[in-house]
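K.L.:
What follows is final.txt; its format and atoms are compact mmCIF, C-alpha atoms.
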# COMPACT_ATOMS: atom_id res chain seq x y z
CA MET A 163 17.60 47.00 161.45
CA THR A 164 15.85 50.28 162.06
CA GLU A 165 17.40 53.61 162.89
CA LYS A 166 19.02 54.08 166.29
CA SER A 167 18.29 57.10 168.41
CA SER A 168 20.52 58.71 171.02
CA ILE A 169 19.22 58.55 174.57
CA THR A 170 20.66 58.97 178.05
CA LEU A 171 19.89 56.43 180.74
CA THR A 172 20.54 57.46 184.33
CA ILE A 173 21.47 54.32 186.23
CA ASN A 174 22.28 54.58 189.94
CA GLY A 175 22.87 58.31 189.48
CA ARG A 176 25.32 57.93 186.57
CA ASP A 177 24.45 59.03 183.02
CA HIS A 178 24.99 56.62 180.14
CA ALA A 179 24.73 58.17 176.66
CA ILE A 180 23.79 55.32 174.32
CA LYS A 181 22.30 54.70 170.86
CA VAL A 182 19.45 52.21 170.71
CA GLU A 183 16.80 50.92 168.36
CA ALA A 184 13.21 51.57 169.46
CA ARG A 185 12.78 47.84 170.09
CA ARG A 186 15.71 47.67 172.55
CA THR A 187 14.31 46.62 175.92
CA LEU A 188 15.45 48.44 179.03
CA ALA A 189 16.89 45.13 180.30
CA ASP A 190 19.09 44.70 177.23
CA ALA A 191 20.17 48.36 177.26
CA ILE A 192 21.18 48.17 180.94
CA ARG A 193 23.29 45.07 180.30
CA GLU A 194 24.57 45.39 176.74
CA ASP A 195 24.79 49.13 176.20
CA CYS A 196 25.55 50.34 179.73
CA GLY A 197 27.55 47.31 180.87
CA GLN A 198 25.63 46.91 184.12
CA THR A 199 25.29 43.14 184.13
CA GLY A 200 23.97 42.75 187.67
CA THR A 201 20.45 42.87 186.24
CA HIS A 202 19.67 39.39 184.94
CA ILE A 203 17.46 38.35 182.06
CA GLY A 204 15.47 35.15 182.47
CA CYS A 205 12.30 34.73 180.45
CA GLU A 206 12.16 37.99 178.46
CA HIS A 207 8.38 38.12 178.66
CA GLY A 208 7.59 39.39 182.12
CA VAL A 209 7.03 36.13 183.98
CA CYS A 210 10.19 35.42 185.99
CA GLY A 211 11.06 38.82 187.47
CA ALA A 212 14.85 38.34 187.27
CA CYS A 213 15.18 41.66 185.40
CA THR A 214 13.27 43.72 188.00
CA VAL A 215 14.73 47.22 188.44
CA ILE A 216 13.40 50.39 190.09
CA VAL A 217 12.34 53.17 187.69
CA ASP A 218 11.33 56.49 189.29
CA GLY A 219 10.68 54.66 192.57
CA GLU A 220 8.61 51.83 191.10
CA PRO A 221 9.78 48.22 190.81
CA VAL A 222 9.18 47.18 187.17
CA ARG A 223 10.09 44.40 184.76
CA SER A 224 12.86 45.89 182.63
CA CYS A 225 12.16 43.36 179.84
CA LEU A 226 8.65 44.84 179.41
CA MET A 227 9.77 48.42 179.02
CA PHE A 228 11.65 49.86 176.06
CA ALA A 229 14.94 51.62 176.83
CA ALA A 230 13.76 54.81 175.12
CA GLN A 231 10.81 54.94 177.55
CA ALA A 232 13.22 55.10 180.51
CA ALA A 233 15.25 58.05 179.18
CA GLY A 234 15.23 60.88 181.71
CA LYS A 235 14.02 58.64 184.52
CA GLN A 236 15.94 57.52 187.60
CA ILE A 237 16.86 53.86 187.16
CA ARG A 238 18.19 51.83 190.06
CA THR A 239 19.79 48.41 189.70
CA VAL A 240 21.39 45.94 192.11
CA GLU A 241 24.77 47.64 191.59
CA GLY A 242 23.41 50.70 193.41
CA LEU A 243 22.27 48.95 196.61
CA ALA A 244 25.54 48.61 198.56
CA LYS A 245 27.30 51.70 199.91
CA GLY A 246 30.98 50.94 199.30
CA ASP A 247 31.76 47.77 201.24
CA THR A 248 28.58 47.99 203.31
CA LEU A 249 25.78 45.86 201.97
CA HIS A 250 22.22 47.17 201.81
CA PRO A 251 20.14 45.71 204.71
CA MET A 252 18.26 43.63 202.12
CA GLN A 253 21.48 42.15 200.73
CA GLN A 254 22.77 41.45 204.25
CA ALA A 255 19.48 39.76 205.18
CA PHE A 256 19.63 37.51 202.08
CA MET A 257 23.12 36.41 203.20
CA ASP A 258 22.12 35.96 206.86
CA HIS A 259 19.00 33.93 206.05
CA HIS A 260 20.34 31.95 203.08
CA GLY A 261 17.88 33.66 200.77
CA LEU A 262 19.83 32.52 197.73
CA GLN A 263 21.65 29.54 196.34
CA CYS A 264 22.67 29.93 192.68
CA GLY A 265 21.98 33.67 192.80
CA PHE A 266 20.47 34.08 189.34
CA CYS A 267 17.12 35.41 190.61
CA THR A 268 18.65 37.40 193.48
CA PRO A 269 19.11 40.84 191.84
CA GLY A 270 15.45 40.75 190.78
CA PHE A 271 14.25 39.74 194.25
CA LEU A 272 16.41 42.43 195.88
CA MET A 273 15.10 45.22 193.65
CA LEU A 274 11.50 43.96 194.00
CA ALA A 275 11.69 43.84 197.79
CA VAL A 276 13.59 47.12 198.18
CA GLY A 277 11.27 48.86 195.70
CA VAL A 278 8.10 47.74 197.46
CA LEU A 279 9.39 48.37 201.01
CA GLU A 280 10.52 51.90 200.12
CA ARG A 281 6.99 52.59 198.82
CA GLU A 282 5.15 50.73 201.58
CA PRO A 283 7.39 50.41 204.68
CA ASP A 284 4.52 49.10 206.83
CA ILE A 285 3.32 46.43 204.41
CA SER A 286 1.91 43.38 206.23
CA ASP A 287 3.65 40.01 206.27
CA ASP A 288 0.77 38.52 204.25
CA ASP A 289 1.00 41.24 201.61
CA LEU A 290 4.77 40.70 201.43
CA ILE A 291 4.19 37.08 200.46
CA ASP A 292 1.86 38.26 197.70
CA VAL A 293 4.59 40.66 196.51
CA LEU A 294 7.28 37.96 196.58
CA SER A 295 5.07 35.69 194.45
CA SER A 296 5.96 38.09 191.61
CA ASN A 297 9.36 36.51 191.01
CA LEU A 298 10.57 32.97 190.40
CA CYS A 299 13.32 31.17 192.33
CA ARG A 300 14.15 27.53 191.54
CA CYS A 301 16.65 26.94 194.38
CA THR A 302 15.41 28.15 197.72
CA GLY A 303 11.78 27.09 197.92
CA TYR A 304 11.07 30.74 198.85
CA GLN A 305 10.90 30.26 202.64
CA ASN A 306 14.33 31.76 203.25
CA ILE A 307 13.61 34.61 200.86
CA ILE A 308 10.46 35.41 202.87
CA LYS A 309 12.49 35.25 206.12
CA ALA A 310 15.19 37.50 204.67
CA VAL A 311 12.75 40.12 203.37
CA ARG A 312 10.80 40.21 206.63
CA ALA A 313 14.05 40.68 208.58
CA ALA A 314 15.22 43.41 206.19
CA ALA A 315 11.81 45.10 206.42
CA LYS A 316 12.28 45.41 210.19
CA GLU A 317 15.80 46.77 209.65
CA MET A 318 14.66 49.26 207.01
CA ARG A 319 11.87 50.59 209.28
CA LYS A 320 14.47 51.59 211.94
CA MET B 134 13.19 36.57 172.22
CA LYS B 135 13.36 40.14 171.04
CA PRO B 136 10.56 42.23 169.53
CA ALA B 137 10.71 42.84 165.77
CA PRO B 138 11.77 46.34 164.63
CA PHE B 139 9.19 49.13 164.84
CA ILE B 140 9.04 52.90 164.74
CA ARG B 141 8.07 54.54 168.04
CA HIS B 142 5.98 57.69 167.96
CA VAL B 143 5.81 59.84 171.09
CA PRO B 144 2.88 62.29 170.88
CA LYS B 145 2.51 64.94 173.60
CA THR B 146 -1.25 65.39 173.25
CA LEU B 147 -4.23 63.12 172.67
CA ASP B 148 -5.09 65.00 169.45
CA GLU B 149 -1.58 64.37 168.13
CA ALA B 150 -1.82 60.71 169.17
CA VAL B 151 -5.04 60.01 167.27
CA LYS B 152 -3.67 61.84 164.20
CA ILE B 153 -0.58 59.63 164.18
CA LEU B 154 -2.69 56.54 164.88
CA ALA B 155 -4.93 57.37 161.90
CA GLN B 156 -1.82 57.52 159.68
CA VAL B 157 -0.07 54.38 160.93
CA ALA B 158 -3.04 52.13 161.77
CA PRO B 159 -3.31 50.80 158.18
CA GLN B 160 0.39 49.82 158.39
CA ASP B 161 -0.17 47.79 161.56
CA GLY B 162 0.26 50.66 163.97
CA ARG B 163 -0.78 50.12 167.56
CA VAL B 164 -1.11 52.06 170.80
CA LEU B 165 1.48 51.38 173.52
CA ALA B 166 0.26 52.17 177.03
CA GLY B 167 1.60 50.01 179.88
CA GLY B 168 2.90 47.37 177.49
CA GLN B 169 2.54 44.53 179.99
CA SER B 170 0.55 42.41 177.51
CA LEU B 171 1.66 43.92 174.20
CA VAL B 172 5.42 43.68 174.81
CA PRO B 173 5.36 39.95 175.74
CA ILE B 174 3.28 39.28 172.60
CA MET B 175 5.89 41.21 170.61
CA ALA B 176 8.71 39.26 172.28
CA PHE B 177 7.03 36.04 171.13
CA ARG B 178 6.65 37.64 167.65
CA LEU B 179 2.92 36.94 167.83
CA ALA B 180 2.58 40.65 167.09
CA LYS B 181 5.00 42.56 164.86
CA PRO B 182 3.56 46.07 164.73
CA ALA B 183 5.46 48.37 162.37
CA HIS B 184 4.54 51.44 164.44
CA LEU B 185 3.86 52.01 168.12
CA VAL B 186 2.10 55.15 169.30
CA ASP B 187 3.49 55.50 172.83
CA ILE B 188 0.94 57.48 174.88
CA ASN B 189 2.96 57.49 178.12
CA GLU B 190 4.24 61.04 177.67
CA ILE B 191 0.83 62.66 177.21
CA ASP B 192 -0.02 64.80 180.22
CA GLY B 193 -3.28 64.13 182.04
CA LEU B 194 -3.97 60.57 180.87
CA ASP B 195 -3.22 59.29 184.39
CA ARG B 196 -6.24 61.21 185.69
CA ILE B 197 -8.89 59.56 187.86
CA ALA B 198 -11.90 61.82 188.44
CA SER B 199 -15.34 61.52 189.99
CA ASP B 200 -18.25 63.84 189.25
CA GLY B 201 -20.53 62.34 191.89
CA THR B 202 -22.20 59.80 189.59
CA THR B 203 -19.32 58.45 187.50
CA LEU B 204 -15.67 57.54 187.99
CA SER B 205 -13.55 58.41 184.94
CA ILE B 206 -10.32 56.48 184.43
CA GLY B 207 -7.78 57.90 181.96
CA ALA B 208 -5.85 55.85 179.41
CA CYS B 209 -2.61 55.76 181.41
CA VAL B 210 -4.01 55.02 184.88
CA ARG B 211 -1.97 52.02 186.13
CA HIS B 212 -3.43 49.05 187.98
CA GLY B 213 -1.33 50.10 190.98
CA ALA B 214 -3.33 53.34 191.28
CA PHE B 215 -6.14 51.20 192.71
CA HIS B 216 -3.98 49.62 195.47
CA LYS B 217 -5.63 52.27 197.66
CA SER B 218 -9.26 53.33 197.26
CA VAL B 219 -9.55 56.07 194.62
CA VAL B 220 -13.04 57.25 195.58
CA GLY B 221 -15.14 57.41 198.76
CA ASN B 222 -17.74 54.99 197.44
CA PRO B 223 -18.10 51.18 197.54
CA LEU B 224 -16.68 51.27 193.99
CA GLY B 225 -13.32 52.35 195.45
CA ALA B 226 -13.14 49.30 197.75
CA LEU B 227 -14.33 47.03 194.93
CA LEU B 228 -11.58 48.24 192.56
CA THR B 229 -8.93 47.87 195.29
CA PHE B 230 -9.99 44.30 196.01
CA VAL B 231 -10.08 43.32 192.34
CA ALA B 232 -6.75 45.05 191.52
CA ARG B 233 -4.87 42.81 193.94
CA HIS B 234 -5.68 39.83 191.69
CA ILE B 235 -4.15 41.34 188.56
CA ALA B 236 -0.84 39.73 187.65
CA HIS B 237 1.96 40.77 190.06
CA TYR B 238 3.07 43.93 191.82
CA PRO B 239 5.68 45.12 189.25
CA ILE B 240 3.23 44.44 186.39
CA ARG B 241 0.64 46.53 188.25
CA MET B 242 3.11 49.44 188.37
CA ARG B 243 3.05 49.64 184.53
CA GLY B 244 -0.08 47.96 183.16
CA THR B 245 -3.13 50.17 182.65
CA PHE B 246 -6.86 49.79 183.28
CA CYS B 247 -7.78 51.02 179.78
CA GLY B 248 -5.06 48.92 178.15
CA SER B 249 -6.56 45.79 179.74
CA LEU B 250 -9.91 46.60 178.14
CA ALA B 251 -8.38 47.31 174.73
CA HIS B 252 -6.43 44.02 174.94
CA ALA B 253 -9.64 42.18 175.96
CA ASP B 254 -8.16 38.98 177.32
CA PRO B 255 -11.13 36.76 178.31
CA SER B 256 -9.70 36.35 181.83
CA SER B 257 -8.99 40.05 182.47
CA GLU B 258 -10.23 41.25 185.85
CA TRP B 259 -10.87 44.78 184.55
CA CYS B 260 -12.84 43.50 181.55
CA LEU B 261 -15.02 41.56 183.99
CA THR B 262 -15.42 44.69 186.12
CA ALA B 263 -16.40 46.80 183.09
CA ALA B 264 -18.94 44.22 181.92
CA THR B 265 -20.46 43.63 185.36
CA LEU B 266 -20.85 47.33 186.19
CA ASP B 267 -21.92 48.35 182.65
CA ALA B 268 -19.01 50.71 182.08
CA THR B 269 -18.89 53.19 179.22
CA ILE B 270 -15.78 52.92 177.07
CA VAL B 271 -14.73 56.14 175.35
CA ALA B 272 -12.99 55.73 172.00
CA ARG B 273 -11.15 58.70 170.48
CA SER B 274 -10.09 59.17 166.87
CA THR B 275 -9.65 62.01 164.39
CA ARG B 276 -13.38 61.55 163.76
CA GLY B 277 -14.16 62.54 167.35
CA GLU B 278 -15.26 60.79 170.53
CA ARG B 279 -17.44 57.68 170.60
CA PRO B 280 -18.87 56.28 173.85
CA ILE B 281 -19.38 52.50 173.69
CA PRO B 282 -21.44 50.58 176.29
CA ALA B 283 -19.49 47.65 177.74
CA ARG B 284 -22.07 45.12 176.52
CA GLU B 285 -21.36 46.25 172.93
CA PHE B 286 -17.60 46.62 173.41
CA PHE B 287 -16.37 43.06 173.76
CA ALA B 288 -16.59 41.08 170.53
CA GLY B 289 -14.58 37.91 171.16
CA ILE B 290 -11.25 36.66 172.45
CA MET B 291 -8.97 39.73 172.39
CA SER B 292 -11.43 41.39 170.04
CA THR B 293 -13.36 44.61 170.65
CA ALA B 294 -15.59 47.17 168.94
CA LEU B 295 -12.63 49.58 168.64
CA ALA B 296 -11.81 50.55 165.05
CA GLU B 297 -8.12 50.34 164.10
CA ASP B 298 -7.72 54.12 164.25
CA GLU B 299 -9.49 54.47 167.60
CA LEU B 300 -7.66 54.98 170.88
CA LEU B 301 -9.33 53.92 174.13
CA ALA B 302 -9.09 57.29 175.88
CA GLU B 303 -11.15 56.74 179.00
CA VAL B 304 -13.40 54.31 180.85
CA ARG B 305 -16.36 55.56 182.88
CA LEU B 306 -17.68 53.43 185.72
CA PRO B 307 -20.96 54.28 187.48
CA LEU B 308 -20.55 54.97 191.21
CA LEU B 309 -22.43 52.45 193.35
CA SER B 310 -25.17 53.16 195.90
CA PRO B 311 -23.53 53.59 199.33
CA ASP B 312 -25.22 50.39 200.59
CA THR B 313 -23.95 48.22 197.71
CA LYS B 314 -22.34 44.93 198.66
CA PHE B 315 -19.77 43.34 196.38
CA GLY B 316 -17.92 40.05 196.14
CA PHE B 317 -15.16 38.76 193.88
CA ASN B 318 -13.48 35.42 193.37
CA GLU B 319 -11.22 33.94 190.73
CA PHE B 320 -9.52 30.61 190.15
CA SER B 321 -6.07 30.33 188.60
CA ARG B 322 -3.40 27.65 188.80
CA ARG B 323 -0.71 29.95 190.20
CA ALA B 324 -0.76 33.26 192.10
CA GLY B 325 -0.96 36.06 189.53
CA ASP B 326 -1.71 33.73 186.63
CA PHE B 327 -4.58 34.12 184.17
CA ALA B 328 -7.94 33.31 185.77
CA MET B 329 -9.61 30.21 184.37
CA SER B 330 -12.87 31.55 185.77
CA ALA B 331 -13.71 34.66 187.74
CA ALA B 332 -16.89 36.17 189.14
CA LEU B 333 -17.81 39.65 190.35
CA VAL B 334 -21.15 40.27 192.07
CA THR B 335 -22.87 43.37 193.43
CA TYR B 336 -26.30 43.89 194.98
CA ARG B 337 -28.24 45.94 197.53
CA LEU B 338 -30.36 44.73 200.39
CA GLN B 339 -33.96 45.97 200.65
CA GLY B 340 -35.87 44.70 203.67
CA GLY B 341 -33.36 41.89 204.03
CA LYS B 342 -33.82 40.75 200.41
CA ILE B 343 -31.34 41.01 197.53
CA ALA B 344 -32.14 43.71 194.96
CA GLU B 345 -30.44 45.02 191.80
CA ALA B 346 -28.19 41.94 191.65
CA ARG B 347 -25.36 41.93 189.12
CA VAL B 348 -23.47 38.71 188.46
CA GLY B 349 -20.55 38.94 186.02
CA VAL B 350 -18.54 35.93 184.87
CA GLY B 351 -15.13 36.15 183.17
CA GLY B 352 -12.54 33.67 181.94
CA ALA B 353 -15.12 31.06 180.96
CA GLU B 354 -16.42 32.45 177.67
CA PRO B 355 -14.62 34.47 174.95
CA PHE B 356 -15.48 37.64 176.85
CA PRO B 357 -17.00 38.50 180.24
CA ARG B 358 -20.71 39.25 180.58
CA ARG B 359 -23.53 39.55 183.07
CA ILE B 360 -25.51 36.36 183.61
CA ALA B 361 -29.20 37.30 183.78
CA GLN B 362 -30.29 33.85 184.97
CA ALA B 363 -28.01 34.07 188.03
CA GLU B 364 -29.20 37.60 188.80
CA ALA B 365 -32.83 36.44 188.62
CA ALA B 366 -32.03 33.64 191.08
CA LEU B 367 -30.81 36.24 193.59
CA ASN B 368 -33.28 39.13 193.33
CA GLY B 369 -35.95 38.98 196.02
CA GLN B 370 -34.15 36.28 198.02
CA PRO B 371 -32.47 36.71 201.41
CA PRO B 372 -28.67 36.46 201.11
CA GLY B 373 -27.47 33.04 202.17
CA ASP B 374 -26.41 29.60 201.12
CA LYS B 375 -29.69 28.67 199.39
CA ALA B 376 -29.84 31.72 197.11
CA PHE B 377 -26.09 31.66 196.48
CA ARG B 378 -26.10 28.00 195.41
CA ALA B 379 -29.10 28.58 193.16
CA ALA B 380 -27.38 31.54 191.49
CA ALA B 381 -24.14 29.59 191.07
CA GLU B 382 -26.04 26.71 189.47
CA ALA B 383 -27.86 29.12 187.15
CA ALA B 384 -24.56 30.71 186.10
CA ALA B 385 -22.92 27.33 185.46
CA ASN B 386 -25.87 26.28 183.30
CA ALA B 387 -25.93 29.56 181.39
CA VAL B 388 -22.31 29.79 180.26
CA GLU B 389 -20.99 28.26 177.06
CA ALA B 390 -17.65 27.35 178.61
CA MET B 391 -14.50 27.45 176.47
CA GLU B 392 -12.26 24.43 176.05
CA ASP B 393 -8.49 24.49 175.68
CA HIS B 394 -5.63 21.99 175.75
CA GLN B 395 -5.64 21.96 179.56
CA THR B 396 -9.29 22.38 180.41
CA SER B 397 -12.53 20.75 179.29
CA ALA B 398 -15.73 22.77 179.02
CA GLU B 399 -17.22 20.64 181.79
CA TYR B 400 -14.37 21.52 184.15
CA ARG B 401 -14.65 25.22 183.36
CA ARG B 402 -18.40 25.04 183.99
CA ASP B 403 -17.64 23.54 187.41
CA LEU B 404 -15.24 26.41 188.06
CA VAL B 405 -17.94 28.94 187.17
CA ARG B 406 -20.25 27.33 189.71
CA ALA B 407 -17.49 27.56 192.34
CA VAL B 408 -16.33 31.13 191.69
CA VAL B 409 -19.88 32.53 191.57
CA ARG B 410 -20.73 30.86 194.88
CA ARG B 411 -17.45 32.04 196.45
CA ALA B 412 -17.93 35.60 195.18
CA LEU B 413 -21.41 35.63 196.70
CA GLU B 414 -20.08 34.26 200.00
CA HIS B 415 -17.41 36.98 199.89
CA SER B 416 -20.16 39.60 199.42
CA ASN B 417 -21.92 38.39 202.57
CA ARG B 418 -18.98 39.12 204.92
Can you present the structure in this file as structure tokens?
P.N.:
Amino acid sequence: MTEKSSITLTINGRDHAIKVEARRTLADAIREDCGQTGTHIGCEHGVCGACTVIVDGEPVRSCLMFAAQAAGKQIRTVEGLAKGDTLHPMQQAFMDHHGLQCGFCTPGFLMLAVGVLEREPDISDDDLIDVLSSNLCRCTGYQNIIKAVRAAAKEMRK
Amino acid sequence: MKPAPFIRHVPKTLDEAVKILAQVAPQDGRVLAGGQSLVPIMAFRLAKPAHLVDINEIDGLDRIASDGTTLSIGACVRHGAFHKSVVGNPLGALLTFVARHIAHYPIRMRGTFCGSLAHADPSSEWCLTAATLDATIVARSTRGERPIPAREFFAGIMSTALAEDELLAEVRLPLLSPDTKFGFNEFSRRAGDFAMSAALVTYRLQGGKIAEARVGVGGAEPFPRRIAQAEAALNGQPPGDKAFRAAAEAAANAVEAMEDHQTSAEYRRDLVRAVVRRALEHSNR
């Protein structure tokens, strides 16, 4: 056990003052230290994408970033997507198009898709498929995820 | 799988970074840039560095600059910076095309060009680019700055000419002649996975004949390199199926293909033939 340092993570606009070891990943800090368990941890080595969050506007793997590196940055997780009882267009589209079954990969897919579409609203359908190849889903076969994200992309461009 | 404990150092300047690196390098200190290769290796406990020198908070390392002959890429320039062309030169389009093949979008938001070179995975797209275009790799330490030509930089699988106290501060790529054509192709089992073979080619056309051909092959040998025999098969020939097949055959014959638990050397040699031909076909669009 090495020394812990005090940092503040800003998640969905709320500050969390926590103490972490240098080796604490952002994914673990979000879940264990800040109690925001919507972000899921699958492989812990950057392959599955379940832990994808948005840091300063960029979708990133939170298992490949240390918590201390995210101090002072704006972190967004799946908990921040809905506005009260109104789902984010991406969440609504995943429901409407059956873009999920067990739901384990869903927070990662939502943050990936929202993060990319906010950066590149006019991204082509082909490029979207390339983006969605970033994350793994073992239930849906991806087709409904692609449908959902394309539908949400149209909605978000309005 | 969690990384082993380490002490994180957060220098604010490059001078401070190399000073710290000089102190901690003998105690297994390493540089942390994007972390998209290093952190997984740490999670697997294949690497247990006692110190990490995190260079992400140093101002100016994300700088991309062109002086008219050279493109300089700073130590913290992310792969994603190349999603759009960074320079009004065929090199800009080449880098954009190649960048799309690196891992996946969120990895490209964090991983760095220079970090890829320092990591020196045999299948790295940027290592192939550096070798094919004869990049200059700039190493910094408390002893000063040392430019290293790409052909002397790569030493083996994940092994380079960098000393343990040297930080890869910058990579310089030569700008290409405005009429340069390029082509790239790689083969991997899954989208975003490590390339089992990759090829990058550039050349100019003079009177309808190929000139100044460069053929780089990655993923097949311990490190990427230019294949002189394939370049010789192209120079002086008109671009087309005959020259492309001859160059692909020359490349396949020239490589000493690696074997692993999934892939025989013979299969990898076949892949080299295919990716070189496809890269050349891509160049002729």
K.L.:
Mind dumping a table of every chain B residue within 6 Å of chain A, with the nearest atom pair and its distance in Å to one decimal, using all atoms listed in the file, sorted by chain and rising number, as a tab-separated table?
P.N.:
residue	atom	partner	partner_atom	distance
B:Pro138	CA	A:Arg185	CA	5.8
B:Val172	CA	A:Leu226	CA	5.7
B:Pro173	CA	A:His207	CA	4.6
B:His237	CA	A:Ser296	CA	5.1
B:Tyr238	CA	A:Val293	CA	5.9
B:Pro239	CA	A:Val222	CA	4.6
K.L.:
What does the distance from atom CA of A:His260 to atom CA of A:Thr302 come to in Å, to one decimal?
P.N.:
8.2 Å
K.L.:
Within 7 Å of A:Leu171, counting all atoms listed in the file, which residues qualify if same-chain residues fewer than 3 places away don't, as JSON, numbers by chain?
P.N.:
{"A": [177, 178, 179, 232, 233, 234]}
K.L.:
Go ahead and save the residues from that selection, with C-alpha atoms, as a short mmCIF file (atom, residue, chain, number, x, y, z; two decimals), in the coordinates of the input.
P.N.:
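Output contents, as saved in part32.cif:
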data_model
loop_
_atom_site.label_atom_id
_atom_site.label_comp_id
_atom_site.auth_asym_id
_atom_site.auth_seq_id
_atom_site.Cartn_x
_atom_site.Cartn_y
_atom_site.Cartn_z
CA ASP A 177 24.45 59.03 183.02
CA HIS A 178 24.99 56.62 180.14
CA ALA A 179 24.73 58.17 176.66
CA ALA A 232 13.22 55.10 180.51
CA ALA A 233 15.25 58.05 179.18
CA GLY A 234 15.23 60.88 181.71
#
K.L.:
Show which residues sit within 10 Å of B:Thr269, as a PyMOL selection string. Count all atoms listed in the file, and ignore same-chain residues fewer than 4 positions away.
P.N.:
chain B and resi 203+205+263-264+279-286+303-307
K.L.:
Identify the residues within 9 Å of coordinate (20.7, 29.6, 194.1) (same frame as the file), considering all atoms listed in the file, and give the answer as a ChimeraX atom specification.
P.N.:
/A:261-268,299-302
K.L.:
For stretch 189-201 of chain A, which lacks atoms in the input, supply N, CA and C atoms and format the output as a PDB file, keeping the file's coordinate frame.
P.N.:
ATOM      1  N   ALA A 189      16.012  46.170 179.745  1.00  0.00           N
ATOM      2  CA  ALA A 189      16.890  45.130 180.300  1.00  0.00           C
ATOM      3  C   ALA A 189      18.145  44.970 179.442  1.00  0.00           C
ATOM      4  N   ASP A 190      17.939  44.863 178.133  1.00  0.00           N
ATOM      5  CA  ASP A 190      19.090  44.700 177.230  1.00  0.00           C
ATOM      6  C   ASP A 190      19.979  45.936 177.243  1.00  0.00           C
ATOM      7  N   ALA A 191      19.377  47.120 177.278  1.00  0.00           N
ATOM      8  CA  ALA A 191      20.170  48.360 177.260  1.00  0.00           C
ATOM      9  C   ALA A 191      21.020  48.461 178.524  1.00  0.00           C
ATOM     10  N   ILE A 192      20.433  48.103 179.676  1.00  0.00           N
ATOM     11  CA  ILE A 192      21.180  48.170 180.940  1.00  0.00           C
ATOM     12  C   ILE A 192      22.400  47.252 180.860  1.00  0.00           C
ATOM     13  N   ARG A 193      22.200  46.052 180.335  1.00  0.00           N
ATOM     14  CA  ARG A 193      23.290  45.070 180.300  1.00  0.00           C
ATOM     15  C   ARG A 193      24.269  45.311 179.147  1.00  0.00           C
ATOM     16  N   GLU A 194      23.721  45.394 177.931  1.00  0.00           N
ATOM     17  CA  GLU A 194      24.570  45.390 176.740  1.00  0.00           C
ATOM     18  C   GLU A 194      25.156  46.766 176.428  1.00  0.00           C
ATOM     19  N   ASP A 195      24.339  47.798 176.598  1.00  0.00           N
ATOM     20  CA  ASP A 195      24.790  49.130 176.200  1.00  0.00           C
ATOM     21  C   ASP A 195      25.432  49.892 177.351  1.00  0.00           C
ATOM     22  N   CYS A 196      25.007  49.620 178.571  1.00  0.00           N
ATOM     23  CA  CYS A 196      25.550  50.340 179.730  1.00  0.00           C
ATOM     24  C   CYS A 196      26.492  49.464 180.557  1.00  0.00           C
ATOM     25  N   GLY A 197      26.584  48.191 180.219  1.00  0.00           N
ATOM     26  CA  GLY A 197      27.550  47.310 180.870  1.00  0.00           C
ATOM     27  C   GLY A 197      27.225  46.966 182.311  1.00  0.00           C
ATOM     28  N   GLN A 198      26.006  47.211 182.738  1.00  0.00           N
ATOM     29  CA  GLN A 198      25.630  46.910 184.120  1.00  0.00           C
ATOM     30  C   GLN A 198      24.970  45.520 184.145  1.00  0.00           C
ATOM     31  N   THR A 199      25.784  44.505 184.326  1.00  0.00           N
ATOM     32  CA  THR A 199      25.290  43.140 184.130  1.00  0.00           C
ATOM     33  C   THR A 199      24.746  42.497 185.400  1.00  0.00           C
ATOM     34  N   GLY A 200      24.591  43.277 186.453  1.00  0.00           N
ATOM     35  CA  GLY A 200      23.970  42.750 187.670  1.00  0.00           C
ATOM     36  C   GLY A 200      22.505  42.408 187.446  1.00  0.00           C
ATOM     37  N   THR A 201      21.845  43.154 186.574  1.00  0.00           N
ATOM     38  CA  THR A 201      20.450  42.870 186.240  1.00  0.00           C
ATOM     39  C   THR A 201      20.412  41.655 185.319  1.00  0.00           C
TER      40      THR A 201
END
